[in-house]
file protein_12.txt (compact mmCIF, C-alpha atoms and all ligand atoms)
# COMPACT_ATOMS: atom_id res chain seq x y z
CA MET A 1 -10.90 -11.80 25.30
CA LYS A 2 -10.36 -8.20 24.22
CA LYS A 3 -9.84 -7.73 20.50
CA ILE A 4 -6.57 -6.00 19.61
CA PRO A 5 -6.52 -5.98 15.83
CA ILE A 6 -3.92 -4.93 13.28
CA GLY A 7 -5.17 -1.81 11.48
CA VAL A 8 -4.71 -1.57 7.72
CA PHE A 9 -5.27 1.80 6.09
CA ASP A 10 -5.48 2.82 2.46
CA SER A 11 -6.90 5.78 0.58
CA GLY A 12 -9.42 3.34 -0.90
CA TYR A 13 -9.59 -0.20 -2.21
CA GLY A 14 -5.93 -0.71 -3.12
CA GLY A 15 -4.81 -1.64 0.39
CA LEU A 16 -6.98 -4.74 0.07
CA THR A 17 -4.19 -6.17 -2.14
CA ILE A 18 -1.86 -5.81 0.86
CA LEU A 19 -4.49 -7.15 3.28
CA ALA A 20 -4.96 -10.19 0.99
CA GLU A 21 -1.29 -11.12 1.46
CA LEU A 22 -1.43 -10.45 5.22
CA LEU A 23 -4.41 -12.80 5.45
CA LYS A 24 -2.46 -15.49 3.54
CA LYS A 25 0.64 -15.22 5.71
CA MET A 26 -0.96 -14.28 9.03
CA PRO A 27 -4.54 -15.60 8.95
CA ASP A 28 -4.89 -15.96 12.73
CA TYR A 29 -4.70 -12.28 13.60
CA ASP A 30 -7.66 -9.89 13.87
CA TYR A 31 -7.72 -7.00 11.38
CA VAL A 32 -9.55 -3.73 10.86
CA TYR A 33 -9.38 -2.28 7.35
CA PHE A 34 -10.25 1.33 6.66
CA GLY A 35 -10.50 2.69 3.11
CA ASP A 36 -10.96 6.43 2.77
CA ASN A 37 -12.79 6.00 -0.53
CA ALA A 38 -14.81 9.19 -0.14
CA ARG A 39 -11.61 11.26 -0.33
CA ALA A 40 -9.55 9.07 -2.69
CA PRO A 41 -7.47 9.34 -4.74
CA TYR A 42 -4.70 10.76 -2.56
CA GLY A 43 -2.15 10.43 -5.38
CA ASN A 44 -2.19 14.05 -6.53
CA ARG A 45 -3.02 15.76 -3.22
CA SER A 46 -0.63 18.03 -1.31
CA PHE A 47 1.53 16.92 1.62
CA ASP A 48 -0.65 18.80 4.12
CA VAL A 49 -3.89 17.24 2.92
CA VAL A 50 -2.50 13.68 2.75
CA TYR A 51 -1.03 14.13 6.23
CA SER A 52 -4.26 15.39 7.80
CA TYR A 53 -6.41 12.67 6.14
CA THR A 54 -3.93 9.95 7.15
CA LEU A 55 -3.80 11.20 10.74
CA GLU A 56 -7.61 11.07 10.94
CA ALA A 57 -7.51 7.48 9.66
CA VAL A 58 -4.81 6.51 12.16
CA ASP A 59 -6.82 8.09 14.97
CA PHE A 60 -9.91 6.15 13.88
CA LEU A 61 -8.00 2.85 13.82
CA PHE A 62 -6.48 3.45 17.26
CA LYS A 63 -10.02 4.07 18.52
CA GLN A 64 -10.98 0.65 17.14
CA GLY A 65 -8.44 -0.83 19.56
CA CYS A 66 -5.51 -1.31 17.15
CA GLU A 67 -2.03 -1.28 18.65
CA LEU A 68 -0.33 -1.67 15.27
CA ILE A 69 -1.34 0.08 12.05
CA ILE A 70 -0.01 -0.62 8.56
CA ILE A 71 -0.31 2.34 6.24
CA ALA A 72 -0.75 0.29 3.08
CA CYS A 73 -1.06 3.37 0.85
CA ASN A 74 2.25 4.36 -0.79
CA THR A 75 1.20 7.99 -1.15
CA ALA A 76 0.32 8.22 2.55
CA SER A 77 3.48 6.31 3.51
CA ALA A 78 5.52 8.77 1.44
CA LYS A 79 3.84 11.95 2.59
CA ALA A 80 2.51 11.38 6.10
CA LEU A 81 4.16 8.44 7.85
CA ARG A 82 7.30 10.10 9.14
CA THR A 83 5.47 13.11 10.62
CA ILE A 84 2.91 10.84 12.26
CA GLN A 85 5.63 8.62 13.74
CA GLN A 86 7.70 11.53 15.01
CA THR A 87 5.10 14.12 15.96
CA ASP A 88 1.78 12.42 16.64
CA LEU A 89 2.51 8.90 17.85
CA PRO A 90 3.94 9.94 21.25
CA ARG A 91 0.49 11.36 22.12
CA TYR A 92 -1.06 7.91 21.75
CA GLY A 93 1.27 6.14 24.17
CA THR A 94 4.47 4.18 23.91
CA ASN A 95 2.97 0.84 22.87
CA LYS A 96 1.36 2.06 19.62
CA ARG A 97 3.06 1.47 16.27
CA VAL A 98 2.44 2.82 12.77
CA LEU A 99 4.37 1.26 9.88
CA GLY A 100 4.38 2.01 6.16
CA VAL A 101 5.04 0.04 2.99
CA ILE A 102 8.04 1.88 1.52
CA ARG A 103 10.72 0.82 3.99
CA PRO A 104 9.97 -2.94 3.84
CA CYS A 105 9.94 -2.82 0.05
CA THR A 106 13.15 -0.85 -0.33
CA GLU A 107 14.98 -3.22 2.05
CA TYR A 108 14.12 -6.05 -0.30
CA ILE A 109 13.96 -4.68 -3.85
CA GLY A 110 17.66 -4.15 -4.54
CA GLN A 111 18.17 -7.91 -4.32
CA VAL A 112 15.94 -8.74 -7.27
CA THR A 113 17.92 -7.00 -10.02
CA ASN A 114 20.83 -8.46 -11.98
CA SER A 115 21.41 -5.31 -14.04
CA ASN A 116 21.49 -3.10 -10.89
CA SER A 117 18.76 -0.98 -12.45
CA ILE A 118 15.16 -0.89 -11.26
CA GLY A 119 12.02 1.06 -12.10
CA ILE A 120 9.42 2.39 -9.67
CA LEU A 121 5.85 2.89 -10.87
CA GLY A 122 3.61 4.93 -8.58
CA THR A 123 1.27 7.87 -8.19
CA GLU A 124 2.48 11.42 -8.79
CA GLY A 125 2.61 11.94 -5.02
CA THR A 126 4.82 8.92 -4.41
CA VAL A 127 7.12 9.67 -7.34
CA ASN A 128 7.46 13.39 -6.58
CA SER A 129 8.22 12.70 -2.91
CA ASN A 130 11.36 10.79 -4.02
CA SER A 131 10.84 8.48 -1.05
CA TYR A 132 11.79 5.32 -2.94
CA PRO A 133 15.11 6.58 -4.38
CA ILE A 134 16.03 8.16 -1.01
CA GLU A 135 15.30 4.98 0.97
CA LEU A 136 16.87 2.70 -1.66
CA LYS A 137 20.14 4.65 -1.58
CA LYS A 138 20.49 3.71 2.12
CA PHE A 139 20.41 -0.02 1.41
CA PHE A 140 21.76 -0.21 -2.15
CA PRO A 141 23.94 2.88 -2.77
CA SER A 142 25.00 1.94 -6.31
CA LEU A 143 21.53 0.99 -7.55
CA HIS A 144 20.18 2.90 -10.55
CA VAL A 145 16.59 3.90 -9.77
CA ALA A 146 14.22 5.39 -12.35
CA GLN A 147 10.66 6.42 -11.52
CA HIS A 148 7.51 6.90 -13.53
CA ALA A 149 4.18 8.36 -12.38
CA CYS A 150 1.06 6.75 -13.83
CA PRO A 151 -1.72 9.20 -12.89
CA MET A 152 -4.32 7.51 -15.08
CA TRP A 153 -4.01 4.03 -13.67
CA VAL A 154 -5.85 4.48 -10.35
CA PRO A 155 -8.89 6.16 -12.00
CA LEU A 156 -8.91 3.43 -14.67
CA ILE A 157 -8.94 0.69 -12.02
CA GLU A 158 -11.44 2.46 -9.75
CA ASN A 159 -13.80 2.81 -12.72
CA ASN A 160 -13.21 -0.77 -13.85
CA MET A 161 -11.85 0.45 -17.19
CA HIS A 162 -8.39 -1.09 -16.99
CA ASN A 163 -9.43 -4.05 -19.14
CA THR A 164 -10.97 -1.95 -21.92
CA GLU A 165 -9.06 -1.29 -25.16
CA ALA A 166 -8.60 2.38 -24.18
CA GLY A 167 -7.42 1.48 -20.69
CA LYS A 168 -4.94 -1.08 -21.99
CA LEU A 169 -3.51 1.40 -24.49
CA ILE A 170 -2.81 3.93 -21.72
CA ILE A 171 -1.07 1.32 -19.55
CA LYS A 172 0.91 -0.01 -22.54
CA SER A 173 2.07 3.45 -23.53
CA ASP A 174 3.24 4.20 -19.93
CA ILE A 175 5.18 0.95 -19.66
CA GLU A 176 6.71 0.99 -23.13
CA GLY A 177 7.69 4.66 -22.94
CA PHE A 178 9.32 4.18 -19.54
CA LEU A 179 11.25 1.05 -20.51
CA SER A 180 12.45 2.53 -23.78
CA GLU A 181 13.88 5.50 -21.85
CA ASN A 182 15.45 3.13 -19.29
CA PRO A 183 16.44 0.00 -21.22
CA THR A 184 18.69 -1.45 -18.46
CA ILE A 185 15.79 -1.92 -16.03
CA ASP A 186 15.21 -5.59 -15.21
CA ALA A 187 12.82 -5.16 -12.24
CA LEU A 188 9.69 -3.03 -12.06
CA VAL A 189 8.19 -2.27 -8.66
CA LEU A 190 4.43 -1.74 -8.46
CA ALA A 191 4.67 0.99 -5.82
CA CYS A 192 0.95 1.65 -5.60
CA THR A 193 -1.59 -0.55 -3.89
CA HIS A 194 -3.89 -0.57 -6.93
CA TYR A 195 -1.39 -1.82 -9.48
CA PRO A 196 -1.38 -5.54 -8.56
CA VAL A 197 -4.77 -5.66 -10.28
CA LEU A 198 -2.79 -5.06 -13.52
CA LEU A 199 -0.11 -7.63 -12.75
CA ASP A 200 -0.93 -10.15 -15.49
CA TYR A 201 -1.20 -7.49 -18.18
CA ILE A 202 2.03 -5.75 -17.14
CA LYS A 203 3.87 -9.10 -17.11
CA GLN A 204 2.56 -9.77 -20.61
CA LEU A 205 3.81 -6.33 -21.76
CA VAL A 206 7.32 -6.55 -20.33
CA GLY A 207 8.08 -10.18 -21.15
CA GLU A 208 10.37 -12.46 -19.19
CA THR A 209 13.45 -10.25 -19.03
CA VAL A 210 11.83 -7.78 -16.64
CA GLN A 211 10.62 -8.98 -13.27
CA VAL A 212 7.41 -7.33 -12.02
CA VAL A 213 7.33 -6.93 -8.25
CA PRO A 214 4.05 -6.33 -6.39
CA GLN A 215 4.37 -5.26 -2.76
CA GLY A 216 1.83 -7.32 -0.83
CA GLU A 217 3.96 -10.40 -0.30
CA ILE A 218 7.04 -8.34 0.63
CA VAL A 219 5.06 -6.31 3.19
CA ALA A 220 3.52 -9.46 4.67
CA ASP A 221 6.90 -11.25 4.94
CA LYS A 222 8.49 -8.21 6.56
CA LEU A 223 5.63 -7.93 9.04
CA VAL A 224 6.02 -11.57 10.06
CA ASP A 225 9.69 -10.83 10.61
CA TYR A 226 8.95 -7.57 12.50
CA LEU A 227 6.54 -9.32 14.87
CA ALA A 228 9.06 -12.08 15.52
CA ARG A 229 11.48 -9.34 16.61
CA HIS A 230 8.80 -7.51 18.68
CA GLU A 231 7.54 -10.34 20.83
CA LYS A 232 5.77 -8.15 23.37
CA LEU A 233 3.70 -6.41 20.70
CA ASN A 234 3.04 -9.73 18.99
CA ALA A 235 1.77 -11.26 22.23
CA THR A 236 -0.60 -8.29 22.70
CA LEU A 237 -2.28 -8.67 19.30
CA SER A 238 -5.41 -10.82 19.41
CA LYS A 239 -5.67 -13.86 17.17
CA GLY A 240 -9.32 -14.44 16.39
CA GLY A 241 -9.06 -14.50 12.59
CA SER A 242 -11.62 -11.70 12.10
CA VAL A 243 -11.63 -8.77 9.65
CA ASP A 244 -13.80 -5.68 10.09
CA TYR A 245 -14.06 -3.41 7.05
CA TYR A 246 -14.83 0.31 7.16
CA THR A 247 -15.15 2.80 4.33
CA SER A 248 -15.80 6.53 4.27
CA GLU A 249 -17.90 5.97 1.08
CA ASN A 250 -21.08 4.00 0.56
CA SER A 251 -20.59 0.49 1.98
CA VAL A 252 -22.56 -1.19 -0.83
CA PHE A 253 -20.17 0.30 -3.44
CA PHE A 254 -17.23 -0.78 -1.33
CA ASP A 255 -18.39 -4.37 -0.94
CA LYS A 256 -18.98 -4.70 -4.69
CA ALA A 257 -15.64 -3.24 -5.75
CA ALA A 258 -13.71 -5.06 -3.01
CA ALA A 259 -14.18 -8.32 -4.90
CA THR A 260 -11.71 -7.13 -7.59
CA PHE A 261 -8.98 -6.57 -5.02
CA LEU A 262 -9.63 -9.23 -2.40
CA HIS A 263 -11.44 -12.02 -4.24
CA ARG A 264 -13.79 -12.63 -1.33
CA LYS A 265 -17.23 -11.41 -0.30
CA ILE A 266 -17.22 -8.84 2.45
CA GLN A 267 -19.62 -6.64 4.37
CA SER A 268 -18.24 -3.24 5.24
CA GLN A 269 -19.58 -0.45 7.42
CA HIS A 270 -19.70 3.20 6.51
CA ILE A 271 -18.05 5.74 8.80
CA ALA A 272 -17.75 9.48 8.37
CA LEU A 273 -14.46 10.91 9.59
N1 LIG A 301 -3.38 3.87 -2.46
C1 LIG A 301 -2.62 4.79 -3.27
C2 LIG A 301 -1.14 4.41 -3.30
O1 LIG A 301 -0.75 3.30 -2.98
C3 LIG A 301 -3.16 4.86 -4.67
C4 LIG A 301 -4.53 5.47 -4.78
C5 LIG A 301 -4.58 6.95 -4.49
O2 LIG A 301 -4.03 7.75 -5.29
O3 LIG A 301 -5.20 7.29 -3.52
O4 LIG A 301 -0.35 5.25 -3.63
call {"tool": "encode", "arguments": {"input": "protein_12.txt", "output": "structure tokens"}}
result
Amino acid sequence: MKKIPIGVFDSGYGGLTILAELLKKMPDYDYVYFGDNARAPYGNRSFDVVYSYTLEAVDFLFKQGCELIIIACNTASAKALRTIQQTDLPRYGTNKRVLGVIRPCTEYIGQVTNSNSIGILGTEGTVNSNSYPIELKKFFPSLHVAQHACPMWVPLIENNMHNTEAGKLIIKSDIEGFLSENPTIDALVLACTHYPVLLDYIKQLVGETVQVVPQGEIVADKLVDYLARHEKLNATLSKGGSVDYYTSENSVFFDKAAATFLHRKIQSQHIAL
């Protein structure tokens, strides 16, 4: 039977935290993961650059036979998704779909606050795009939304320095500074694929009054729901339980680092875009 996998794209390793949840909720499907590690981070790149890199990734995943692609990267979802959906997707045919992570999260997030005040933590690109506040206003018009960019966090995680004293101090200072400026916040959204790696430490910092919300589970739940509503697409997707991993960097590096994000051993292949 022909393999028709779900494509999962991220600028690097972070999307593996989303894939991990997809594999928990939807283990029967086939997946292709592509991490553009050679060109990551995307977080501080311009709109044009993030768009052109994301389009190349989407093109690659369609060539692997995907009919549905999840752009797991928040920065790429914020800066490239809409243009790809509106301008590029029609070229690939009517049955292809590309979805991001911002919409499913914003549909859900407003429900988790009692104080009607939430905080978004993300890359500079995601925060400066204002995508979260704009989308959230559509579903929860009265919600107070504050944002904070954490430009040091992705490099800390990528270099495995987030557990060092210096790394922890940087993360602590971001969180404490942000919450002291926005004391009504009772839910913090980890709007970057890398940040779930810091979940335990962030929970420890904020205590029990602030809920910390990673995205993976929300995205996976919303995808289950989306496929239930799109039966034809769902029937097309093959269910062989396989995952193929591709990286634009060295595959040995990728396989080693992937363990931090996915907690399983993998064997990736290198591709040059
Ligand atoms: N994957 C990116 C995101 O979710 C973070 C890493 C990057 O800056 O490329 O925004």
call {"tool": "closest_residue", "arguments": {"input": "protein_12.txt", "among": "A:His230, A:Lys137, A:His144, A:Lys25", "to": "Ala187 of chain A", "atoms": "all atoms listed in the file"}}
result
A:His144
call {"tool": "residues_near_ligand", "arguments": {"input": "protein_12.txt", "ligand": "ligand LIG 301 (chain A)", "cutoff": "8 Å", "atoms": "only C-alpha atoms and all ligand atoms", "output": "list in words"}}
result
Asp10, Ser11, Gly12, Tyr13, Gly14, Gly15, Ala40, Pro41, Tyr42, Gly43, Asn44, Ala72, Cys73, Asn74, Thr75, Ala76, Gly122, Thr123, Gly125, Thr126, Val154, Ala191, Cys192, Thr193 and His194 of chain A
call {"tool": "atom_distance", "arguments": {"input": "protein_12.txt", "atom1": "atom CA of Glu181 of chain A", "atom2": "atom CA of Val212 of chain A"}}
result
17.4 Å
call {"tool": "atom_distance", "arguments": {"input": "protein_12.txt", "atom1": "atom CA of Val98 of chain A", "atom2": "atom CA of Glu158 of chain A"}}
result
26.5 Å
call {"tool": "residues_around", "arguments": {"input": "protein_12.txt", "residues": "Asn128 of chain A", "least_positions_apart": "3", "cutoff": "12 Å", "atoms": "only C-alpha atoms", "output": "list in words"}}
result
Gly43, Asn44, Arg45, Ser46, Phe47, Asn74, Thr75, Ala78, Lys79, Ile120, Leu121, Gly122, Thr123, Glu124, Gly125, Ser131, Tyr132, Pro133, Ile134, Ala146, Gln147, His148, Ala149, Cys150 and Pro151 of chain A
call {"tool": "closest_residue", "arguments": {"input": "protein_12.txt", "among": "A:Thr236, A:Thr17, A:Gln111, A:Gln86", "to": "Lys2 of chain A", "atoms": "only C-alpha atoms"}}
result
A:Thr236
call {"tool": "closest_residue", "arguments": {"input": "protein_12.txt", "among": "A:Ser129, A:Gln211, A:Gln267, A:Thr83", "to": "Tyr51 of chain A", "atoms": "all atoms listed in the file"}}
result
A:Thr83
call {"tool": "residues_around", "arguments": {"input": "protein_12.txt", "residues": "Ile157 of chain A", "least_positions_apart": "4", "cutoff": "9 Å", "atoms": "only C-alpha atoms", "output": "ChimeraX atom specification"}}
result
/A:152-153,161-163,167,194-195,197-198
call {"tool": "residues_around", "arguments": {"input": "protein_12.txt", "residues": "Glu165 of chain A", "least_positions_apart": "6", "cutoff": "12 Å", "atoms": "all atoms listed in the file", "output": "PyMOL selection string"}}
result
chain A and resi 156+171-172
call {"tool": "residues_around", "arguments": {"input": "protein_12.txt", "residues": "Lys222 of chain A", "least_positions_apart": "2", "cutoff": "12 Å", "atoms": "only C-alpha atoms", "output": "number ranges by chain"}}
result
A: 21-22, 25-26, 70, 99-108, 215-220, 224-229
call {"tool": "build_atoms", "arguments": {"input": "protein_12.txt", "residues": "segment 59-79 of chain A", "atoms": "N, CA, C and O atoms", "output": "JSON list (two decimals), in the frame of the given file"}}
result
[["chain", "number", "residue", "atom", "x", "y", "z"],
["A", 59, "ASP", "N", -6.07, 7.83, 13.74],
["A", 59, "ASP", "CA", -6.82, 8.09, 14.97],
["A", 59, "ASP", "C", -8.05, 7.16, 15.04],
["A", 59, "ASP", "O", -8.32, 6.55, 16.08],
["A", 60, "PHE", "N", -8.74, 7.04, 13.93],
["A", 60, "PHE", "CA", -9.91, 6.15, 13.88],
["A", 60, "PHE", "C", -9.51, 4.71, 14.21],
["A", 60, "PHE", "O", -10.16, 4.04, 15.02],
["A", 61, "LEU", "N", -8.41, 4.25, 13.60],
["A", 61, "LEU", "CA", -8.00, 2.85, 13.82],
["A", 61, "LEU", "C", -7.53, 2.62, 15.25],
["A", 61, "LEU", "O", -7.80, 1.56, 15.83],
["A", 62, "PHE", "N", -6.85, 3.59, 15.83],
["A", 62, "PHE", "CA", -6.48, 3.45, 17.26],
["A", 62, "PHE", "C", -7.75, 3.36, 18.11],
["A", 62, "PHE", "O", -7.82, 2.58, 19.06],
["A", 63, "LYS", "N", -8.77, 4.12, 17.74],
["A", 63, "LYS", "CA", -10.02, 4.07, 18.52],
["A", 63, "LYS", "C", -10.74, 2.73, 18.37],
["A", 63, "LYS", "O", -11.58, 2.38, 19.19],
["A", 64, "GLN", "N", -10.41, 2.00, 17.30],
["A", 64, "GLN", "CA", -10.98, 0.65, 17.14],
["A", 64, "GLN", "C", -10.19, -0.38, 17.95],
["A", 64, "GLN", "O", -10.43, -1.58, 17.85],
["A", 65, "GLY", "N", -9.20, 0.08, 18.69],
["A", 65, "GLY", "CA", -8.44, -0.83, 19.56],
["A", 65, "GLY", "C", -7.13, -1.33, 18.97],
["A", 65, "GLY", "O", -6.46, -2.17, 19.57],
["A", 66, "CYS", "N", -6.76, -0.83, 17.77],
["A", 66, "CYS", "CA", -5.51, -1.31, 17.15],
["A", 66, "CYS", "C", -4.31, -0.83, 17.97],
["A", 66, "CYS", "O", -4.32, 0.28, 18.50],
["A", 67, "GLU", "N", -3.31, -1.69, 18.04],
["A", 67, "GLU", "CA", -2.03, -1.28, 18.65],
["A", 67, "GLU", "C", -1.00, -1.08, 17.55],
["A", 67, "GLU", "O", 0.00, -0.42, 17.74],
["A", 68, "LEU", "N", -1.24, -1.73, 16.41],
["A", 68, "LEU", "CA", -0.33, -1.67, 15.27],
["A", 68, "LEU", "C", -1.14, -1.33, 14.02],
["A", 68, "LEU", "O", -2.17, -1.95, 13.76],
["A", 69, "ILE", "N", -0.64, -0.33, 13.29],
["A", 69, "ILE", "CA", -1.34, 0.08, 12.05],
["A", 69, "ILE", "C", -0.35, 0.00, 10.90],
["A", 69, "ILE", "O", 0.78, 0.47, 10.99],
["A", 70, "ILE", "N", -0.81, -0.60, 9.80],
["A", 70, "ILE", "CA", -0.01, -0.62, 8.56],
["A", 70, "ILE", "C", -0.63, 0.39, 7.61],
["A", 70, "ILE", "O", -1.80, 0.26, 7.23],
["A", 71, "ILE", "N", 0.15, 1.40, 7.26],
["A", 71, "ILE", "CA", -0.31, 2.34, 6.24],
["A", 71, "ILE", "C", 0.02, 1.69, 4.90],
["A", 71, "ILE", "O", 1.16, 1.71, 4.45],
["A", 72, "ALA", "N", -0.99, 1.06, 4.30],
["A", 72, "ALA", "CA", -0.75, 0.29, 3.08],
["A", 72, "ALA", "C", -0.59, 1.20, 1.86],
["A", 72, "ALA", "O", -0.06, 0.78, 0.84],
["A", 73, "CYS", "N", -1.08, 2.42, 1.97],
["A", 73, "CYS", "CA", -1.06, 3.37, 0.85],
["A", 73, "CYS", "C", 0.36, 3.95, 0.67],
["A", 73, "CYS", "O", 0.92, 4.50, 1.62],
["A", 74, "ASN", "N", 0.91, 3.82, -0.53],
["A", 74, "ASN", "CA", 2.25, 4.36, -0.79],
["A", 74, "ASN", "C", 2.27, 5.88, -0.66],
["A", 74, "ASN", "O", 3.22, 6.45, -0.12],
["A", 75, "THR", "N", 1.24, 6.52, -1.19],
["A", 75, "THR", "CA", 1.20, 7.99, -1.15],
["A", 75, "THR", "C", 1.20, 8.47, 0.31],
["A", 75, "THR", "O", 1.94, 9.39, 0.67],
["A", 76, "ALA", "N", 0.38, 7.84, 1.13],
["A", 76, "ALA", "CA", 0.32, 8.22, 2.55],
["A", 76, "ALA", "C", 1.61, 7.83, 3.27],
["A", 76, "ALA", "O", 2.10, 8.58, 4.14],
["A", 77, "SER", "N", 2.19, 6.70, 2.90],
["A", 77, "SER", "CA", 3.48, 6.31, 3.51],
["A", 77, "SER", "C", 4.54, 7.33, 3.15],
["A", 77, "SER", "O", 5.40, 7.68, 3.97],
["A", 78, "ALA", "N", 4.50, 7.81, 1.89],
["A", 78, "ALA", "CA", 5.52, 8.77, 1.44],
["A", 78, "ALA", "C", 5.32, 10.14, 2.07],
["A", 78, "ALA", "O", 6.28, 10.81, 2.44],
["A", 79, "LYS", "N", 4.07, 10.56, 2.21],
["A", 79, "LYS", "CA", 3.84, 11.95, 2.59],
["A", 79, "LYS", "C", 3.49, 12.18, 4.06],
["A", 79, "LYS", "O", 3.58, 13.31, 4.54]]
